[in-house]
>>> print(open('work-v3.cif').read())   # mmCIF, C-alpha atoms
data_upload
loop_
_atom_site.label_atom_id
_atom_site.label_comp_id
_atom_site.auth_asym_id
_atom_site.auth_seq_id
_atom_site.Cartn_x
_atom_site.Cartn_y
_atom_site.Cartn_z
CA MET A 1 -42.92 -153.07 224.39
CA ASN A 2 -41.26 -156.46 224.32
CA THR A 3 -44.51 -158.35 223.67
CA PHE A 4 -46.01 -159.20 220.28
CA GLY A 5 -49.38 -160.74 219.45
CA HIS A 6 -52.87 -160.91 220.93
CA LEU A 7 -54.00 -164.50 221.58
CA PHE A 8 -50.77 -166.21 220.46
CA ARG A 9 -48.45 -163.85 222.31
CA ILE A 10 -44.69 -163.77 222.75
CA THR A 11 -42.43 -161.79 225.07
CA THR A 12 -38.70 -161.79 224.36
CA PHE A 13 -35.90 -160.94 226.78
CA GLY A 14 -32.11 -160.71 226.97
CA GLU A 15 -29.24 -158.77 225.43
CA SER A 16 -26.59 -159.46 222.83
CA HIS A 17 -23.76 -159.79 225.38
CA GLY A 18 -25.71 -160.93 228.44
CA PRO A 19 -25.92 -164.55 229.68
CA GLY A 20 -28.55 -165.42 227.09
CA ILE A 21 -31.77 -164.53 225.30
CA GLY A 22 -35.17 -166.11 225.40
CA VAL A 23 -38.89 -165.97 224.76
CA VAL A 24 -42.07 -166.77 226.63
CA ILE A 25 -45.00 -167.90 224.46
CA ASP A 26 -48.44 -167.42 225.97
CA GLY A 27 -51.75 -168.56 224.50
CA CYS A 28 -50.50 -171.56 222.51
CA PRO A 29 -53.30 -174.17 222.61
CA ALA A 30 -52.77 -177.31 224.68
CA GLY A 31 -52.16 -180.59 222.91
CA LEU A 32 -50.06 -179.24 220.04
CA ALA A 33 -47.33 -181.70 219.13
CA VAL A 34 -44.03 -179.80 219.15
CA ASP A 35 -40.83 -181.19 217.69
CA ASP A 36 -37.79 -179.64 219.38
CA ALA A 37 -35.71 -180.54 216.33
CA GLN A 38 -37.81 -178.21 214.17
CA ILE A 39 -37.18 -175.34 216.57
CA GLN A 40 -33.47 -176.06 216.46
CA ALA A 41 -33.49 -176.31 212.66
CA ALA A 42 -35.02 -172.84 212.42
CA LEU A 43 -32.38 -171.44 214.79
CA ASP A 44 -29.61 -173.09 212.77
CA ARG A 45 -30.79 -171.18 209.70
CA ARG A 46 -30.49 -167.86 211.58
CA ARG A 47 -27.43 -168.48 213.74
CA PRO A 48 -24.19 -166.53 213.19
CA GLY A 49 -21.10 -168.20 211.81
CA GLN A 50 -23.03 -170.50 209.46
CA SER A 51 -21.16 -169.52 206.28
CA GLU A 52 -18.51 -167.23 204.83
CA LEU A 53 -21.22 -164.68 204.00
CA THR A 54 -22.22 -164.11 207.63
CA THR A 55 -20.63 -162.77 210.80
CA PRO A 56 -17.94 -165.13 212.15
CA ARG A 57 -19.40 -164.89 215.67
CA SER A 58 -19.78 -168.57 216.61
CA GLU A 59 -22.97 -169.35 218.49
CA ALA A 60 -24.46 -172.84 218.63
CA ASP A 61 -27.83 -171.31 219.55
CA ARG A 62 -28.97 -174.51 221.26
CA VAL A 63 -32.54 -174.07 222.43
CA GLU A 64 -33.52 -175.09 225.96
CA VAL A 65 -37.20 -175.80 226.56
CA GLN A 66 -37.82 -174.73 230.13
CA SER A 67 -41.60 -175.02 230.46
CA GLY A 68 -44.91 -175.50 228.68
CA ILE A 69 -44.07 -178.67 226.75
CA PHE A 70 -44.45 -182.13 228.32
CA ARG A 71 -43.94 -185.44 226.52
CA GLY A 72 -43.73 -183.65 223.19
CA GLN A 73 -46.99 -181.71 223.52
CA THR A 74 -47.92 -178.24 224.73
CA THR A 75 -49.65 -178.13 228.11
CA GLY A 76 -51.49 -174.85 227.56
CA THR A 77 -49.25 -173.06 230.08
CA PRO A 78 -46.55 -170.52 229.10
CA ILE A 79 -43.78 -171.98 226.95
CA SER A 80 -40.31 -170.74 227.88
CA LEU A 81 -37.44 -171.14 225.40
CA TYR A 82 -33.91 -170.09 226.33
CA ILE A 83 -30.72 -169.69 224.25
CA ARG A 84 -27.39 -169.14 225.98
CA ASN A 85 -24.83 -166.67 224.63
CA GLN A 86 -21.43 -168.34 224.37
CA ASP A 87 -19.16 -166.30 222.08
CA GLN A 88 -19.41 -162.70 223.23
CA HIS A 89 -16.41 -160.47 222.57
CA SER A 90 -17.52 -157.51 224.66
CA HIS A 91 -14.07 -155.89 224.46
CA ASP A 92 -14.72 -155.32 220.73
CA TYR A 93 -17.13 -152.56 221.75
CA SER A 94 -15.12 -150.71 224.41
CA HIS A 95 -14.27 -147.99 221.88
CA ILE A 96 -17.95 -147.02 221.46
CA GLU A 97 -18.83 -146.65 225.15
CA HIS A 98 -19.12 -142.90 224.66
CA ALA A 99 -19.47 -142.78 220.86
CA TYR A 100 -22.56 -142.63 218.68
CA ARG A 101 -22.21 -144.96 215.70
CA PRO A 102 -23.80 -143.68 212.49
CA SER A 103 -27.26 -145.18 211.82
CA HIS A 104 -27.25 -147.20 215.07
CA ALA A 105 -29.51 -146.95 218.11
CA ASP A 106 -26.75 -145.56 220.38
CA TYR A 107 -27.99 -141.96 220.40
CA THR A 108 -31.71 -142.77 220.48
CA TYR A 109 -31.32 -145.26 223.36
CA ASP A 110 -29.39 -142.62 225.31
CA GLN A 111 -32.17 -140.13 224.67
CA LYS A 112 -34.93 -142.57 225.65
CA TYR A 113 -33.37 -144.21 228.73
CA GLY A 114 -30.48 -141.96 229.74
CA ARG A 115 -28.16 -144.97 229.50
CA ARG A 116 -27.37 -147.84 227.14
CA ASP A 117 -25.66 -151.22 226.97
CA PHE A 118 -22.97 -150.53 224.38
CA ARG A 119 -21.82 -154.17 224.18
CA GLY A 120 -23.01 -155.21 220.75
CA GLY A 121 -25.94 -152.84 220.98
CA GLY A 122 -27.52 -154.63 223.93
CA ARG A 123 -31.24 -155.00 223.42
CA SER A 124 -31.14 -153.20 220.06
CA SER A 125 -28.94 -155.94 218.60
CA ALA A 126 -30.35 -158.32 215.99
CA ARG A 127 -29.21 -161.07 218.37
CA GLU A 128 -32.66 -160.67 219.97
CA THR A 129 -34.30 -162.04 216.82
CA ALA A 130 -33.11 -165.56 217.66
CA ALA A 131 -35.82 -165.62 220.32
CA ARG A 132 -38.42 -164.66 217.71
CA VAL A 133 -37.22 -167.44 215.41
CA ALA A 134 -37.60 -170.01 218.20
CA ALA A 135 -41.15 -168.83 218.90
CA GLY A 136 -41.95 -168.71 215.20
CA ALA A 137 -40.94 -172.35 214.85
CA VAL A 138 -43.61 -173.26 217.41
CA ALA A 139 -46.16 -171.12 215.56
CA GLN A 140 -45.25 -172.84 212.27
CA GLN A 141 -46.03 -176.22 213.82
CA LEU A 142 -49.49 -174.91 214.68
CA LEU A 143 -49.90 -173.71 211.08
CA ASN A 144 -48.79 -177.11 209.79
CA GLN A 145 -51.90 -178.64 211.34
CA HIS A 146 -53.93 -176.44 208.98
CA SER A 147 -51.69 -177.09 205.92
CA ILE A 148 -50.52 -173.46 205.89
CA LYS A 149 -47.00 -173.13 204.50
CA VAL A 150 -44.69 -170.13 204.91
CA ALA A 151 -41.57 -169.60 202.78
CA SER A 152 -39.26 -166.62 202.35
CA TYR A 153 -36.25 -166.10 200.12
CA VAL A 154 -33.71 -163.47 199.11
CA SER A 155 -35.04 -161.87 195.95
CA GLN A 156 -32.57 -158.98 195.62
CA VAL A 157 -29.10 -158.03 196.88
CA GLY A 158 -28.06 -154.51 195.93
CA ALA A 159 -28.97 -154.18 192.25
CA VAL A 160 -28.89 -157.96 191.62
CA ALA A 161 -32.51 -159.16 191.49
CA VAL A 162 -34.33 -162.40 190.70
CA PRO A 163 -35.82 -161.79 187.22
CA VAL A 164 -39.08 -163.75 187.75
CA GLY A 165 -41.91 -163.87 190.27
CA TYR A 166 -42.22 -166.47 193.03
CA GLU A 167 -44.77 -168.45 190.97
CA GLN A 168 -42.00 -169.39 188.52
CA LEU A 169 -39.55 -170.50 191.19
CA ASP A 170 -38.99 -173.81 192.95
CA LEU A 171 -39.07 -172.67 196.56
CA GLY A 172 -37.59 -176.01 197.55
CA LEU A 173 -34.25 -174.59 196.35
CA ILE A 174 -34.13 -171.81 198.94
CA ASP A 175 -31.61 -173.54 201.19
CA THR A 176 -29.45 -175.00 198.42
CA ASN A 177 -27.07 -172.02 198.37
CA LEU A 178 -25.48 -169.66 200.90
CA VAL A 179 -27.60 -166.64 200.00
CA ARG A 180 -30.97 -168.48 200.21
CA CYS A 181 -32.12 -167.52 196.73
CA PRO A 182 -34.09 -170.19 194.76
CA HIS A 183 -32.87 -168.86 191.40
CA PRO A 184 -29.41 -170.51 191.06
CA GLU A 185 -27.94 -168.15 188.45
CA THR A 186 -28.98 -165.06 190.40
CA ALA A 187 -27.79 -166.64 193.64
CA GLU A 188 -24.26 -166.90 192.22
CA ARG A 189 -24.27 -163.22 191.26
CA MET A 190 -25.60 -162.27 194.70
CA THR A 191 -22.91 -164.31 196.41
CA ASP A 192 -20.20 -162.64 194.34
CA LEU A 193 -21.56 -159.21 195.20
CA ILE A 194 -21.61 -159.96 198.94
CA ARG A 195 -18.03 -161.25 198.81
CA GLN A 196 -16.86 -158.15 196.95
CA THR A 197 -18.67 -155.93 199.44
CA ARG A 198 -17.13 -157.75 202.40
CA ASP A 199 -13.64 -157.43 200.91
CA ARG A 200 -14.17 -153.64 200.63
CA HIS A 201 -15.14 -153.56 204.34
CA ASP A 202 -18.60 -152.38 203.35
CA THR A 203 -22.16 -153.72 203.55
CA VAL A 204 -25.08 -154.18 201.15
CA GLY A 205 -28.88 -154.45 201.53
CA GLY A 206 -31.73 -155.85 199.45
CA LEU A 207 -35.12 -157.57 199.51
CA VAL A 208 -36.66 -160.68 201.03
CA THR A 209 -39.86 -162.02 199.45
CA GLY A 210 -42.34 -163.87 201.64
CA VAL A 211 -44.97 -166.32 200.37
CA VAL A 212 -47.85 -167.96 202.26
CA ARG A 213 -49.73 -170.85 200.66
CA GLY A 214 -52.78 -172.70 201.94
CA LEU A 215 -54.11 -169.78 203.97
CA PRO A 216 -57.91 -170.05 204.22
CA ALA A 217 -60.17 -167.14 203.40
CA GLY A 218 -61.36 -165.10 206.37
CA LEU A 219 -58.21 -164.37 208.40
CA GLY A 220 -57.59 -160.80 209.47
CA GLU A 221 -59.64 -158.15 211.23
CA PRO A 222 -61.67 -155.61 209.25
CA VAL A 223 -60.36 -152.31 210.61
CA PHE A 224 -57.23 -151.86 212.72
CA ASP A 225 -55.75 -155.38 212.68
CA LYS A 226 -55.95 -156.04 208.96
CA LEU A 227 -53.86 -158.99 207.80
CA HIS A 228 -51.51 -156.81 205.76
CA ALA A 229 -51.25 -154.29 208.59
CA GLU A 230 -50.27 -157.00 211.06
CA LEU A 231 -47.71 -158.41 208.61
CA GLY A 232 -46.34 -154.92 207.99
CA ARG A 233 -46.04 -154.25 211.73
CA ALA A 234 -44.25 -157.57 212.20
CA MET A 235 -41.78 -156.96 209.38
CA LEU A 236 -41.07 -153.34 210.25
CA GLY A 237 -40.19 -154.50 213.76
CA ILE A 238 -37.25 -156.53 212.42
CA ASN A 239 -33.82 -154.90 212.71
CA ALA A 240 -32.63 -153.13 209.53
CA VAL A 241 -36.03 -153.24 207.80
CA LYS A 242 -36.83 -150.05 205.87
CA GLY A 243 -39.97 -150.98 203.95
CA PHE A 244 -42.83 -153.44 203.41
CA GLU A 245 -45.19 -153.95 200.48
CA TYR A 246 -47.66 -156.70 199.63
CA GLY A 247 -49.29 -157.84 196.42
CA SER A 248 -48.62 -155.42 193.57
CA GLY A 249 -47.26 -152.94 196.10
CA PHE A 250 -45.96 -149.63 194.80
CA ALA A 251 -45.84 -150.98 191.25
CA GLY A 252 -49.63 -151.29 191.39
CA THR A 253 -49.90 -147.51 191.35
CA LEU A 254 -48.84 -147.59 187.70
CA LEU A 255 -51.91 -149.63 186.68
CA PHE A 256 -55.47 -148.52 186.01
CA GLY A 257 -58.28 -150.03 188.06
CA SER A 258 -59.41 -152.07 185.06
CA GLU A 259 -55.93 -153.65 184.95
CA HIS A 260 -55.44 -154.02 188.69
CA ASN A 261 -58.76 -155.56 189.79
CA ASP A 262 -58.73 -159.29 190.56
CA ALA A 263 -61.77 -160.90 188.94
CA PHE A 264 -63.47 -163.73 190.85
CA TYR A 265 -64.46 -167.06 189.31
CA THR A 266 -65.48 -170.51 190.52
CA ASP A 267 -62.98 -173.27 189.84
CA GLU A 268 -65.05 -175.99 188.16
CA ALA A 269 -62.70 -178.76 189.28
CA THR A 270 -62.75 -177.90 192.98
CA GLY A 271 -65.79 -175.67 193.39
CA GLN A 272 -63.58 -173.10 195.14
CA VAL A 273 -63.79 -169.35 194.65
CA ARG A 274 -60.58 -168.03 193.12
CA THR A 275 -59.28 -164.88 191.38
CA ARG A 276 -57.82 -164.79 187.88
CA THR A 277 -55.03 -162.46 188.95
CA ASN A 278 -53.58 -161.77 192.39
CA HIS A 279 -52.58 -158.11 192.48
CA SER A 280 -54.24 -158.00 195.91
CA GLY A 281 -51.60 -160.35 197.29
CA GLY A 282 -54.25 -162.66 198.74
CA ILE A 283 -55.73 -159.92 200.93
CA GLN A 284 -58.87 -157.83 200.37
CA GLY A 285 -60.46 -155.57 202.97
CA GLY A 286 -57.68 -156.61 205.32
CA ILE A 287 -58.88 -160.23 205.22
CA SER A 288 -57.36 -163.23 203.42
CA ASN A 289 -59.26 -164.34 200.30
CA GLY A 290 -57.75 -167.82 199.95
CA GLN A 291 -55.14 -166.95 197.33
CA ASP A 292 -51.40 -166.92 197.95
CA VAL A 293 -50.28 -164.10 200.22
CA TYR A 294 -47.02 -162.58 199.03
CA PHE A 295 -45.01 -159.57 200.12
CA ARG A 296 -41.57 -157.98 200.02
CA VAL A 297 -39.42 -156.69 202.87
CA ALA A 298 -36.65 -154.14 202.27
CA PHE A 299 -33.47 -154.41 204.37
CA LYS A 300 -30.93 -151.61 204.54
CA PRO A 301 -27.16 -152.24 204.45
CA VAL A 302 -25.85 -153.24 207.89
CA ALA A 303 -24.90 -150.04 209.72
CA THR A 304 -21.57 -151.31 211.12
CA ILE A 305 -18.82 -150.95 208.52
CA LEU A 306 -15.11 -151.45 209.06
CA GLN A 307 -14.29 -148.01 207.68
CA ALA A 308 -13.61 -144.72 209.45
CA GLN A 309 -16.68 -142.47 209.63
CA ASN A 310 -17.27 -139.03 211.09
CA THR A 311 -19.59 -138.87 214.10
CA ILE A 312 -19.78 -137.43 217.63
CA ASN A 313 -19.46 -138.74 221.18
CA ASP A 314 -21.90 -138.31 224.08
CA GLN A 315 -20.29 -134.96 224.87
CA GLY A 316 -21.13 -133.65 221.41
CA GLU A 317 -17.50 -133.67 220.29
CA ALA A 318 -16.62 -134.57 216.69
CA ILE A 319 -14.71 -137.85 216.38
CA SER A 320 -13.70 -140.39 213.76
CA LEU A 321 -14.92 -143.94 214.35
CA ALA A 322 -14.32 -147.25 212.56
CA GLY A 323 -16.31 -150.39 213.29
CA ARG A 324 -14.67 -153.36 214.98
CA GLY A 325 -15.74 -156.88 215.79
CA ARG A 326 -17.65 -159.44 213.75
CA HIS A 327 -20.51 -158.32 211.55
CA ASP A 328 -22.51 -159.45 208.51
CA PRO A 329 -21.61 -157.81 205.19
CA CYS A 330 -25.21 -158.57 204.19
CA VAL A 331 -27.99 -159.44 206.62
CA LEU A 332 -30.34 -160.96 204.03
CA PRO A 333 -29.39 -164.68 204.17
CA ARG A 334 -29.92 -164.74 207.95
CA ALA A 335 -33.01 -162.53 207.69
CA VAL A 336 -34.95 -165.18 205.77
CA PRO A 337 -35.78 -167.33 208.85
CA ILE A 338 -36.66 -164.16 210.78
CA VAL A 339 -39.20 -163.17 208.12
CA ASP A 340 -40.54 -166.74 208.22
CA ALA A 341 -40.87 -166.57 211.99
CA MET A 342 -42.65 -163.22 212.17
CA THR A 343 -45.03 -164.30 209.40
CA SER A 344 -45.84 -167.50 211.27
CA LEU A 345 -46.45 -165.60 214.52
CA VAL A 346 -48.90 -163.23 212.81
CA LEU A 347 -50.80 -166.06 211.13
CA ALA A 348 -50.95 -168.24 214.26
CA ASP A 349 -52.42 -165.32 216.20
CA LEU A 350 -54.99 -164.49 213.51
CA LEU A 351 -55.91 -168.17 213.15
CA LEU A 352 -56.78 -168.34 216.85
CA ARG A 353 -58.66 -165.05 216.67
CA ALA A 354 -60.69 -166.33 213.71
CA ARG A 355 -62.10 -169.10 215.90
CA ALA A 356 -63.89 -166.45 217.96
CA ASN A 357 -65.62 -164.90 214.95
CA ARG A 358 -68.16 -167.67 214.34
CA VAL A 359 -70.50 -169.70 216.50
#
>>> encode(input="work-v3.cif", output="structure tokens")
Amino acid sequence: MNTFGHLFRITTFGESHGPGIGVVIDGCPAGLAVDDAQIQAALDRRRPGQSELTTPRSEADRVEVQSGIFRGQTTGTPISLYIRNQDQHSHDYSHIEHAYRPSHADYTYDQKYGRRDFRGGGRSSARETAARVAAGAVAQQLLNQHSIKVASYVSQVGAVAVPVGYEQLDLGLIDTNLVRCPHPETAERMTDLIRQTRDRHDTVGGLVTGVVRGLPAGLGEPVFDKLHAELGRAMLGINAVKGFEYGSGFAGTLLFGSEHNDAFYTDEATGQVRTRTNHSGGIQGGISNGQDVYFRVAFKPVATILQAQNTINDQGEAISLAGRGRHDPCVLPRAVPIVDAMTSLVLADLLLRARANRV
């Protein structure tokens, strides 16, 4: 499927080396003020060629609003956003027309469709995520009306990790360095590691932490569309993602129930119900409880490396293959806006669904 969401629904289209990529947003309420500059700003954070730590492919990623927005407001009809491809080097991929690259989708696409677009991976390329980022920027503007804020940052590259939780960080520092880590000292170490990895013609993975603040209690469905399940589905649908955990995650298995439970209390100053700890990650019974929602997304090392590797071709013959072209040594800095976008899309959809739950 190329469609994501229920009420706030997106459908993306296009390939890495085709004329362009785009997204159609259906179900966005009419009358939402949309700032094109905010959509473009989100795309600029994801676009290739933005720094020495990313692929040198140079794409402006200028968004074209083709429908659904008139005089700065949504009309209630489908919103179409289009991004033209301008810097394709399709010849860089001629050597893999019949080869199966290790840990890529070449073999599986052949098995599923009986054919594949080998130019940059076609539809399996992370280039497609630009369309999601554009749609997510619209969703974020809907969330802004409800004072819901989404922020993601690089919390680990390889073995280099931020030593403190998000509560102790100034998330306003996320975009002050190339790696998008709000802990300056760790950011320097991460940057050095990515540079060293690039110089060895290798790649490195890590973690992105996502944080949602201002989310009201009551979002999420009680059984199959739990808030954490929808977030997990969204994150695991991002290229190179290998894992998702929220709240205490796997570390919570080391605690006893008496240590892990989040006790409720009433804040005397505001009269609001709160919890003294937040091991639940702001979600209980699949529904938001009004506390911060936080989660971590694990990204593998980029599969394309500029080193010779053993593999086979589509005839089953053993070959040696080295990557060519322009690729990220570490996907994490450009993954941050993608995590932001997918989070915003999930929350916008659940926010609209919540309106149908009460008279």
>>> atom_distance(input="work-v3.cif", atom1="atom CA of Pro329 of chain A", atom2="atom CA of Thr304 of chain A")
8.8 Å
>>> resolve_selection(input="work-v3.cif", expression="the PyMOL selection byres ((chain A and resi 213) around 6)", output="MDAnalysis selection string")
chainID A and resid 148:149 212 214:215 292
>>> closest_atom_pairs(input="work-v3.cif", of="segment 281-308 of chain A", to="segment 217-240 of chain A", cutoff="8 Å", atoms="only C-alpha atoms", output="tab-separated table")
residue	atom	partner	partner_atom	distance
A:Ile283	CA	A:His228	CA	7.1
A:Gly285	CA	A:Pro222	CA	6.4
A:Gly286	CA	A:Lys226	CA	4.1
A:Ile287	CA	A:Gly220	CA	4.5
A:Ser288	CA	A:Ala217	CA	4.8
A:Asn289	CA	A:Ala217	CA	4.3
A:Gly290	CA	A:Ala217	CA	4.3
A:Gln291	CA	A:Ala217	CA	7.9
A:Val297	CA	A:Met235	CA	6.9
A:Phe299	CA	A:Ala240	CA	5.4
A:Lys300	CA	A:Ala240	CA	5.5
A:Pro301	CA	A:Ala240	CA	7.5
A:Val302	CA	A:Ala240	CA	7.0
>>> residues_around(input="work-v3.cif", residues="Arg45 of chain A", least_positions_apart="3", cutoff="9 Å", atoms="all atoms listed in the file", output="JSON, numbers by chain")
{"A": [40, 41, 42, 48, 50, 175, 333, 334, 336, 337]}
>>> atom_distance(input="work-v3.cif", atom1="atom CA of Leu171 of chain A", atom2="atom CA of Gly136 of chain A")
19.3 Å
>>> residues_around(input="work-v3.cif", residues="Leu7 of chain A", least_positions_apart="6", cutoff="8 Å", atoms="all atoms listed in the file", output="PyMOL selection string")
chain A and resi 26-28+349+352-353
